[in-house]
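Structure file structure-v6.txt with compact mmCIF, C-alpha atoms and all ligand atoms:
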# COMPACT_ATOMS: atom_id res chain seq x y z
CA MET A 1 6.12 17.54 14.66
CA ILE A 2 3.50 18.94 12.32
CA THR A 3 0.15 18.56 14.02
CA ASN A 4 -2.62 19.76 11.75
CA PHE A 5 -1.30 18.85 8.33
CA THR A 6 -2.22 15.60 6.58
CA TYR A 7 -1.43 16.18 2.89
CA CYS A 8 -1.67 18.53 -0.07
CA HIS A 9 -1.44 17.89 -3.78
CA VAL A 10 1.53 19.54 -5.49
CA ASP A 11 2.68 19.97 -9.04
CA VAL A 12 5.69 17.95 -10.17
CA PRO A 13 6.30 18.82 -13.83
CA GLY A 14 6.50 15.67 -15.95
CA TYR A 15 5.22 13.25 -13.30
CA GLN A 16 3.10 11.25 -15.76
CA GLN A 17 6.11 10.63 -17.98
CA PHE A 18 8.25 9.72 -14.94
CA ALA A 19 5.62 7.16 -13.92
CA LYS A 20 5.85 5.43 -17.31
CA GLU A 21 9.66 5.45 -17.27
CA ILE A 22 9.90 4.14 -13.71
CA TYR A 23 7.42 1.34 -14.36
CA LYS A 24 9.32 0.31 -17.51
CA ARG A 25 12.59 0.04 -15.56
CA LEU A 26 11.33 -1.92 -12.57
CA PRO A 27 12.37 -5.54 -12.22
CA LYS A 28 9.19 -7.61 -11.91
CA SER A 29 10.39 -9.14 -8.65
CA PHE A 30 9.73 -5.77 -7.04
CA TYR A 31 6.00 -6.13 -7.23
CA GLU A 32 5.52 -9.88 -7.50
CA SER A 33 6.82 -10.29 -3.98
CA ARG A 34 4.44 -9.55 -1.13
CA HIS A 35 6.94 -7.03 0.21
CA GLY A 36 5.53 -3.52 0.16
CA PHE A 37 8.57 -1.24 0.30
CA TRP A 38 11.62 -1.18 -1.97
CA MET A 39 14.45 1.32 -1.78
CA LEU A 40 15.63 2.43 -5.22
CA PRO A 41 19.22 3.62 -5.72
CA GLN A 42 19.68 7.11 -7.17
CA ILE A 43 21.36 5.57 -10.21
CA PHE A 44 17.97 4.05 -11.11
CA PHE A 45 16.73 7.53 -12.02
CA GLN A 46 19.73 8.72 -14.02
CA GLY A 47 18.25 7.78 -17.38
CA ILE A 48 14.90 9.46 -16.75
CA PRO A 49 15.02 12.88 -18.41
CA GLY A 50 13.97 15.73 -16.14
CA PHE A 51 13.45 13.61 -13.03
CA ARG A 52 16.24 15.10 -10.97
CA ALA A 53 15.32 18.68 -11.92
CA ALA A 54 11.67 18.08 -11.03
CA ILE A 55 12.59 16.63 -7.63
CA GLU A 56 14.98 19.50 -6.97
CA LYS A 57 12.05 21.88 -7.16
CA PHE A 58 11.47 20.77 -3.55
CA GLY A 59 14.91 20.03 -2.11
CA LEU A 60 18.53 19.29 -2.94
CA TRP A 61 19.32 15.98 -4.65
CA GLU A 62 22.40 15.67 -2.41
CA ASN A 63 20.14 15.82 0.66
CA LEU A 64 17.90 12.95 -0.38
CA GLU A 65 17.45 10.36 2.34
CA GLN A 66 15.59 7.79 0.26
CA ILE A 67 13.58 7.18 -2.86
CA ALA A 68 11.44 4.10 -2.50
CA LEU A 69 8.73 2.22 -4.30
CA ILE A 70 5.58 1.56 -2.29
CA VAL A 71 3.75 -1.53 -3.51
CA ASN A 72 0.08 -1.76 -2.57
CA HIS A 73 -0.99 -5.29 -3.33
CA PRO A 74 -4.59 -6.15 -4.23
CA ASN A 75 -6.78 -6.93 -1.22
CA ARG A 76 -3.95 -6.20 1.11
CA THR A 77 -5.27 -6.47 4.64
CA LEU A 78 -4.76 -3.99 7.42
CA GLU A 79 -2.87 -6.76 9.20
CA GLU A 80 -0.29 -6.75 6.42
CA PHE A 81 -0.25 -2.98 6.08
CA PRO A 82 -1.64 -1.56 9.31
CA ILE A 83 -2.45 2.01 10.29
CA HIS A 84 0.96 3.33 11.23
CA THR A 85 3.29 6.27 11.50
CA ASP A 86 6.62 6.15 9.69
CA LEU A 87 10.03 6.01 11.27
CA ALA A 88 10.40 9.02 13.53
CA ASN A 89 14.09 9.45 12.75
CA LEU A 90 13.31 10.81 9.27
CA ALA A 91 11.88 14.24 8.39
CA PRO A 92 8.10 13.84 8.79
CA LEU A 93 7.06 15.00 5.32
CA ALA A 94 7.29 12.84 2.20
CA LEU A 95 6.78 13.64 -1.46
CA ASN A 96 4.73 10.84 -3.04
CA LEU A 97 4.28 10.34 -6.78
CA PRO A 98 1.93 8.06 -8.71
CA VAL A 99 3.61 5.26 -10.69
CA TYR A 100 1.05 2.64 -11.68
CA ASN A 101 -2.73 2.20 -11.31
CA CYS A 102 -3.05 5.39 -9.32
CA ASP A 103 -6.15 6.60 -11.13
CA ASP A 104 -8.46 4.09 -9.40
CA GLU A 105 -10.95 5.93 -7.21
CA ASN A 106 -11.20 2.96 -4.85
CA ILE A 107 -7.55 3.14 -3.78
CA TYR A 108 -6.59 5.84 -1.32
CA THR A 109 -4.37 6.81 1.58
CA GLY A 110 -6.43 7.26 4.74
CA PHE A 111 -5.45 9.35 7.76
CA TYR A 112 -6.76 8.36 11.18
CA GLN A 113 -6.94 9.51 14.75
CA PRO A 114 -7.77 7.60 17.92
CA ILE A 115 -11.36 7.70 19.20
CA ARG A 116 -9.96 7.94 22.73
CA GLU A 117 -6.56 8.39 24.29
CA LEU A 118 -4.50 5.26 23.66
CA ASN A 119 -2.44 3.49 26.32
CA LYS A 120 1.20 2.85 25.51
CA SER A 121 0.48 -0.88 25.26
CA GLU A 122 -2.16 -0.29 22.57
CA VAL A 123 0.38 1.22 20.19
CA THR A 124 2.71 -1.52 18.98
CA HIS A 125 5.80 -1.41 16.82
CA GLY A 126 6.77 -2.85 13.47
CA SER A 127 9.23 -5.59 12.77
CA THR A 128 11.79 -3.46 10.95
CA THR A 129 15.33 -2.89 12.20
CA ASP A 130 14.12 0.39 13.64
CA ALA A 131 11.16 -1.38 15.25
CA LYS A 132 11.04 0.93 18.20
CA LEU A 133 10.34 3.87 15.95
CA TYR A 134 7.63 2.53 13.60
CA ALA A 135 4.30 2.76 15.45
CA VAL A 136 1.26 0.62 14.63
CA TYR A 137 -2.22 1.66 15.79
CA PRO A 138 -5.21 -0.57 16.66
CA GLU A 139 -7.70 -0.32 13.80
CA HIS A 140 -10.78 -0.68 16.02
CA LEU A 141 -9.76 2.37 18.06
CA MET A 142 -9.12 4.64 15.08
CA LYS A 143 -11.44 6.71 12.91
CA GLU A 144 -10.66 8.12 9.49
CA VAL A 145 -10.24 11.90 9.45
CA ASP A 146 -8.91 12.54 5.95
CA ARG A 147 -7.84 10.76 2.77
CA TYR A 148 -6.13 11.41 -0.53
CA TYR A 149 -6.08 9.76 -3.91
CA LEU A 150 -2.64 9.53 -5.50
CA ILE A 151 -3.96 10.75 -8.86
CA LYS A 152 -1.20 13.36 -8.79
CA PRO A 153 1.82 14.02 -6.55
CA VAL A 154 1.30 14.90 -2.89
CA ILE A 155 3.30 16.01 0.09
CA MET A 156 2.08 14.01 3.08
CA ASN A 157 2.71 13.94 6.81
CA THR A 158 4.01 10.47 7.65
CA LEU A 159 3.78 11.13 11.38
CA HIS A 160 0.01 11.32 11.15
CA PRO A 161 -1.36 7.73 11.46
CA HIS A 162 -2.12 6.49 7.94
CA THR A 163 -2.35 3.52 5.62
CA VAL A 164 -3.18 2.73 2.00
CA ILE A 165 -6.50 1.04 1.29
CA ASN A 166 -6.62 -1.09 -1.85
CA PRO A 167 -9.79 -3.19 -2.02
CA THR A 168 -9.35 -3.75 -5.78
CA LYS A 169 -7.87 -6.65 -7.75
CA ARG A 170 -5.19 -4.36 -9.11
CA LEU A 171 -1.69 -3.74 -7.90
CA ARG A 172 -0.85 -0.11 -7.23
CA LEU A 173 2.61 1.42 -7.21
CA GLY A 174 3.70 4.76 -5.82
CA LEU A 175 7.05 6.43 -5.30
CA THR A 176 8.01 8.10 -2.03
CA VAL A 177 10.82 10.64 -1.78
CA ARG A 178 12.32 11.70 1.56
CA TRP A 179 14.99 14.23 2.42
CA VAL A 180 17.29 14.42 5.43
CA ASP A 181 16.32 18.04 6.04
CA ASP A 182 12.99 19.87 6.39
CA CYS A 183 12.97 21.23 2.81
CA LEU A 184 9.39 20.09 2.17
CA GLU A 185 8.15 21.96 5.20
CA LYS A 186 9.99 25.07 4.03
CA TRP A 187 8.61 24.63 0.52
CA LEU A 188 5.04 24.43 1.81
CA LYS A 189 5.44 27.54 3.92
CA THR A 190 7.03 29.47 1.07
CA ASN A 191 4.13 28.45 -1.13
CA GLY A 192 1.42 29.64 1.25
CA PHE A 193 0.35 26.43 3.02
CA LYS A 194 -0.42 27.12 6.65
CA PHE A 195 -0.06 24.72 9.57
CA ASP A 196 1.03 24.82 13.19
CA LYS A 197 4.27 23.44 14.44
CA VAL A 198 4.60 22.19 18.02
FE FE A 201 3.77 5.14 5.87

Turn the structure described in the file into structure tokens.
Ligand SMILES: [Fe+2]
Amino acid sequence: MITNFTYCHVDVPGYQQFAKEIYKRLPKSFYESRHGFWMLPQIFFQGIPGFRAAIEKFGLWENLEQIALIVNHPNRTLEEFPIHTDLANLAPLALNLPVYNCDDENIYTGFYQPIRELNKSEVTHGSTTDAKLYAVYPEHLMKEVDRYYLIKPVIMNTLHPHTVINPTKRLRLGLTVRWVDDCLEKWLKTNGFKFDKV
């Protein structure tokens, strides 16, 4: 587990063009529903020039675990999208790219830590199939320690408690890319980012 790393912005050549192309191709049902997470098949990206090459700057296409759309609805409450850590059976780092309405300075991903040690019963678990792995933290016992704005691509640590805050009237869309291996961690180290590993 990476302990002292929340996020860093990275360069993904062509990301603004990818955002336009992805948005154009999305069925409206993806973001009209209240659902916040949609897996996209690899075939979805085949017609987007340069996308695969840009992603392969970080890791092998064959080793991709998932590419998914994250939908942040307007005024989405912390009840609907609580402070959480992602599924612990995936590599902890994710590459996130802006897709739509990501230039709004009121929308951000916050990182949190508990104000005191939490009991096991205070950390609950999501209602996904892998419920036992998705941890949800009590908002009133957490304080924000960092945040990022998805104005450009980032690598983020999904095992650090986090959520997306969108107090605006606008929908925001982001793309998250995950690999089965630790290629993002290796990429960060090769590129001079320093963090401890436990
Ligand atoms: Fe997450």

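With all atoms listed in the file as the atoms that count, the set of residues no farther than 7 Å from ligand FE 201 (chain A) is His84, Thr85, Asp86, Thr158, His162 and Thr163 of chain A.
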
Practice item. Figure out the distance between atom CA of Glu79 of chain A and atom CA of Asn96 of chain A, please, to one decimal in Å. Key: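 Interatomic distance here is 22.7 Å.
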
Exercise for review: Mind checking which residues fall within 10 Å of Ser33 of chain A, counting all atoms listed in the file, ignoring those fewer than 4 positions away in the same chain, and posting them as a list in words?
Suggested key: Lys28, Ser29, Val71 and His73 of chain A

**Study point:** Residues within 9 Å of (0.1, 21.3, -4.0), file coords, all atoms listed in the file, listed as a list in words
**Key:**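 The residues near that point, listed by chain and number, are Tyr7, Cys8, His9, Val10, Asp11, Val12, Pro153, Val154, Ile155, Leu188, Asn191 and Phe193 of chain A.
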
Would you mind exporting C-alpha atoms of the selected residues as a PDB file, keeping the file's coordinate frame?
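Done, and the output landed in result-v1.pdb:
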ATOM      1  CA  TYR A   7      -1.430  16.180   2.890  1.00  0.00           C
ATOM      2  CA  CYS A   8      -1.670  18.530  -0.070  1.00  0.00           C
ATOM      3  CA  HIS A   9      -1.440  17.890  -3.780  1.00  0.00           C
ATOM      4  CA  VAL A  10       1.530  19.540  -5.490  1.00  0.00           C
ATOM      5  CA  ASP A  11       2.680  19.970  -9.040  1.00  0.00           C
ATOM      6  CA  VAL A  12       5.690  17.950 -10.170  1.00  0.00           C
ATOM      7  CA  PRO A 153       1.820  14.020  -6.550  1.00  0.00           C
ATOM      8  CA  VAL A 154       1.300  14.900  -2.890  1.00  0.00           C
ATOM      9  CA  ILE A 155       3.300  16.010   0.090  1.00  0.00           C
ATOM     10  CA  LEU A 188       5.040  24.430   1.810  1.00  0.00           C
ATOM     11  CA  ASN A 191       4.130  28.450  -1.130  1.00  0.00           C
ATOM     12  CA  PHE A 193       0.350  26.430   3.020  1.00  0.00           C
TER      13      PHE A 193
END

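Nearest residue to Asn4 of chain A, choosing from A:Phe111, A:Lys152, A:Tyr31, A:Asn166 and counting all atoms listed in the file: A:Phe111.
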
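Take atom CA of Ile43 of chain A and atom CA of Val180 of chain A: the distance between them is 18.4 Å.
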
Review point. Which of these residues is nearest to Asn63 of chain A, using only C-alpha atoms: A:Leu159, A:Cys102, A:Ala91, A:Leu150?
Key: A:Ala91

Excluding Phe58 of chain A and its own-chain neighbours fewer than 4 positions away, which residues fall within 10 Å of it when counting only C-alpha atoms? Please give them as a compact mmCIF listing (two decimals) with C-alpha atoms, in the coordinates of the input.
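New file around-v1.txt:
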# COMPACT_ATOMS: atom_id res chain seq x y z
CA VAL A 12 5.69 17.95 -10.17
CA ALA A 53 15.32 18.68 -11.92
CA ALA A 54 11.67 18.08 -11.03
CA LEU A 95 6.78 13.64 -1.46
CA TRP A 179 14.99 14.23 2.42
CA CYS A 183 12.97 21.23 2.81
CA LEU A 184 9.39 20.09 2.17
CA GLU A 185 8.15 21.96 5.20
CA LYS A 186 9.99 25.07 4.03
CA TRP A 187 8.61 24.63 0.52
CA LEU A 188 5.04 24.43 1.81

Could you add the missing atoms to segment 92-120 of chain A, up to N, CA and C atoms, and return them as a PDB file, in the coordinates of the input?
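See rebuild-v1.pdb below for the written result:
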ATOM      1  N   PRO A  92       9.465  14.378   8.817  1.00  0.00           N
ATOM      2  CA  PRO A  92       8.100  13.840   8.790  1.00  0.00           C
ATOM      3  C   PRO A  92       7.376  13.927   7.450  1.00  0.00           C
ATOM      4  N   LEU A  93       7.793  14.844   6.580  1.00  0.00           N
ATOM      5  CA  LEU A  93       7.060  15.000   5.320  1.00  0.00           C
ATOM      6  C   LEU A  93       7.685  14.169   4.206  1.00  0.00           C
ATOM      7  N   ALA A  94       6.829  13.613   3.354  1.00  0.00           N
ATOM      8  CA  ALA A  94       7.290  12.840   2.200  1.00  0.00           C
ATOM      9  C   ALA A  94       6.626  13.378   0.944  1.00  0.00           C
ATOM     10  N   LEU A  95       7.358  13.328  -0.156  1.00  0.00           N
ATOM     11  CA  LEU A  95       6.780  13.640  -1.460  1.00  0.00           C
ATOM     12  C   LEU A  95       6.439  12.313  -2.123  1.00  0.00           C
ATOM     13  N   ASN A  96       5.152  12.099  -2.423  1.00  0.00           N
ATOM     14  CA  ASN A  96       4.730  10.840  -3.040  1.00  0.00           C
ATOM     15  C   ASN A  96       4.240  11.084  -4.464  1.00  0.00           C
ATOM     16  N   LEU A  97       4.668  10.198  -5.374  1.00  0.00           N
ATOM     17  CA  LEU A  97       4.280  10.340  -6.780  1.00  0.00           C
ATOM     18  C   LEU A  97       3.580   9.083  -7.275  1.00  0.00           C
ATOM     19  N   PRO A  98       2.584   9.240  -8.131  1.00  0.00           N
ATOM     20  CA  PRO A  98       1.930   8.060  -8.710  1.00  0.00           C
ATOM     21  C   PRO A  98       2.867   7.356  -9.694  1.00  0.00           C
ATOM     22  N   VAL A  99       2.824   6.027  -9.711  1.00  0.00           N
ATOM     23  CA  VAL A  99       3.610   5.260 -10.690  1.00  0.00           C
ATOM     24  C   VAL A  99       2.705   4.373 -11.550  1.00  0.00           C
ATOM     25  N   TYR A 100       1.813   3.617 -10.911  1.00  0.00           N
ATOM     26  CA  TYR A 100       1.050   2.640 -11.680  1.00  0.00           C
ATOM     27  C   TYR A 100      -0.313   2.393 -11.021  1.00  0.00           C
ATOM     28  N   ASN A 101      -1.359   2.431 -11.806  1.00  0.00           N
ATOM     29  CA  ASN A 101      -2.730   2.200 -11.310  1.00  0.00           C
ATOM     30  C   ASN A 101      -3.155   3.189 -10.231  1.00  0.00           C
ATOM     31  N   CYS A 102      -2.723   4.411 -10.366  1.00  0.00           N
ATOM     32  CA  CYS A 102      -3.050   5.390  -9.320  1.00  0.00           C
ATOM     33  C   CYS A 102      -4.305   6.186  -9.640  1.00  0.00           C
ATOM     34  N   ASP A 103      -4.956   5.847 -10.761  1.00  0.00           N
ATOM     35  CA  ASP A 103      -6.150   6.600 -11.130  1.00  0.00           C
ATOM     36  C   ASP A 103      -7.429   5.909 -10.668  1.00  0.00           C
ATOM     37  N   ASP A 104      -7.287   4.848  -9.858  1.00  0.00           N
ATOM     38  CA  ASP A 104      -8.460   4.090  -9.400  1.00  0.00           C
ATOM     39  C   ASP A 104      -9.057   4.785  -8.178  1.00  0.00           C
ATOM     40  N   GLU A 105     -10.329   5.153  -8.293  1.00  0.00           N
ATOM     41  CA  GLU A 105     -10.950   5.930  -7.210  1.00  0.00           C
ATOM     42  C   GLU A 105     -11.241   5.105  -5.961  1.00  0.00           C
ATOM     43  N   ASN A 106     -11.000   3.796  -6.032  1.00  0.00           N
ATOM     44  CA  ASN A 106     -11.200   2.960  -4.850  1.00  0.00           C
ATOM     45  C   ASN A 106      -9.942   2.828  -3.994  1.00  0.00           C
ATOM     46  N   ILE A 107      -8.819   3.284  -4.509  1.00  0.00           N
ATOM     47  CA  ILE A 107      -7.550   3.140  -3.780  1.00  0.00           C
ATOM     48  C   ILE A 107      -7.165   4.505  -3.209  1.00  0.00           C
ATOM     49  N   TYR A 108      -6.915   4.539  -1.924  1.00  0.00           N
ATOM     50  CA  TYR A 108      -6.590   5.840  -1.320  1.00  0.00           C
ATOM     51  C   TYR A 108      -5.710   5.660  -0.089  1.00  0.00           C
ATOM     52  N   THR A 109      -5.101   6.765   0.315  1.00  0.00           N
ATOM     53  CA  THR A 109      -4.370   6.810   1.580  1.00  0.00           C
ATOM     54  C   THR A 109      -5.287   7.449   2.601  1.00  0.00           C
ATOM     55  N   GLY A 110      -5.579   6.721   3.678  1.00  0.00           N
ATOM     56  CA  GLY A 110      -6.430   7.260   4.740  1.00  0.00           C
ATOM     57  C   GLY A 110      -5.587   7.769   5.893  1.00  0.00           C
ATOM     58  N   PHE A 111      -6.069   8.838   6.530  1.00  0.00           N
ATOM     59  CA  PHE A 111      -5.450   9.350   7.760  1.00  0.00           C
ATOM     60  C   PHE A 111      -6.435   9.124   8.910  1.00  0.00           C
ATOM     61  N   TYR A 112      -5.912   8.781  10.071  1.00  0.00           N
ATOM     62  CA  TYR A 112      -6.760   8.360  11.180  1.00  0.00           C
ATOM     63  C   TYR A 112      -6.345   9.054  12.474  1.00  0.00           C
ATOM     64  N   GLN A 113      -7.327   9.114  13.391  1.00  0.00           N
ATOM     65  CA  GLN A 113      -6.940   9.510  14.750  1.00  0.00           C
ATOM     66  C   GLN A 113      -7.684   8.640  15.733  1.00  0.00           C
ATOM     67  N   PRO A 114      -7.140   8.497  16.948  1.00  0.00           N
ATOM     68  CA  PRO A 114      -7.770   7.600  17.920  1.00  0.00           C
ATOM     69  C   PRO A 114      -9.113   8.152  18.395  1.00  0.00           C
ATOM     70  N   ILE A 115     -10.054   7.261  18.700  1.00  0.00           N
ATOM     71  CA  ILE A 115     -11.360   7.700  19.200  1.00  0.00           C
ATOM     72  C   ILE A 115     -11.293   8.006  20.701  1.00  0.00           C
ATOM     73  N   ARG A 116     -10.227   7.576  21.336  1.00  0.00           N
ATOM     74  CA  ARG A 116      -9.960   7.940  22.730  1.00  0.00           C
ATOM     75  C   ARG A 116      -8.447   7.931  22.926  1.00  0.00           C
ATOM     76  N   GLU A 117      -8.004   8.406  24.041  1.00  0.00           N
ATOM     77  CA  GLU A 117      -6.560   8.390  24.290  1.00  0.00           C
ATOM     78  C   GLU A 117      -6.067   6.941  24.368  1.00  0.00           C
ATOM     79  N   LEU A 118      -4.997   6.648  23.692  1.00  0.00           N
ATOM     80  CA  LEU A 118      -4.500   5.260  23.660  1.00  0.00           C
ATOM     81  C   LEU A 118      -3.459   5.051  24.756  1.00  0.00           C
ATOM     82  N   ASN A 119      -3.502   3.863  25.365  1.00  0.00           N
ATOM     83  CA  ASN A 119      -2.440   3.490  26.320  1.00  0.00           C
ATOM     84  C   ASN A 119      -1.194   3.135  25.517  1.00  0.00           C
ATOM     85  N   LYS A 120      -0.056   3.206  26.180  1.00  0.00           N
ATOM     86  CA  LYS A 120       1.200   2.850  25.510  1.00  0.00           C
ATOM     87  C   LYS A 120       1.147   1.429  24.952  1.00  0.00           C
TER      88      LYS A 120
END
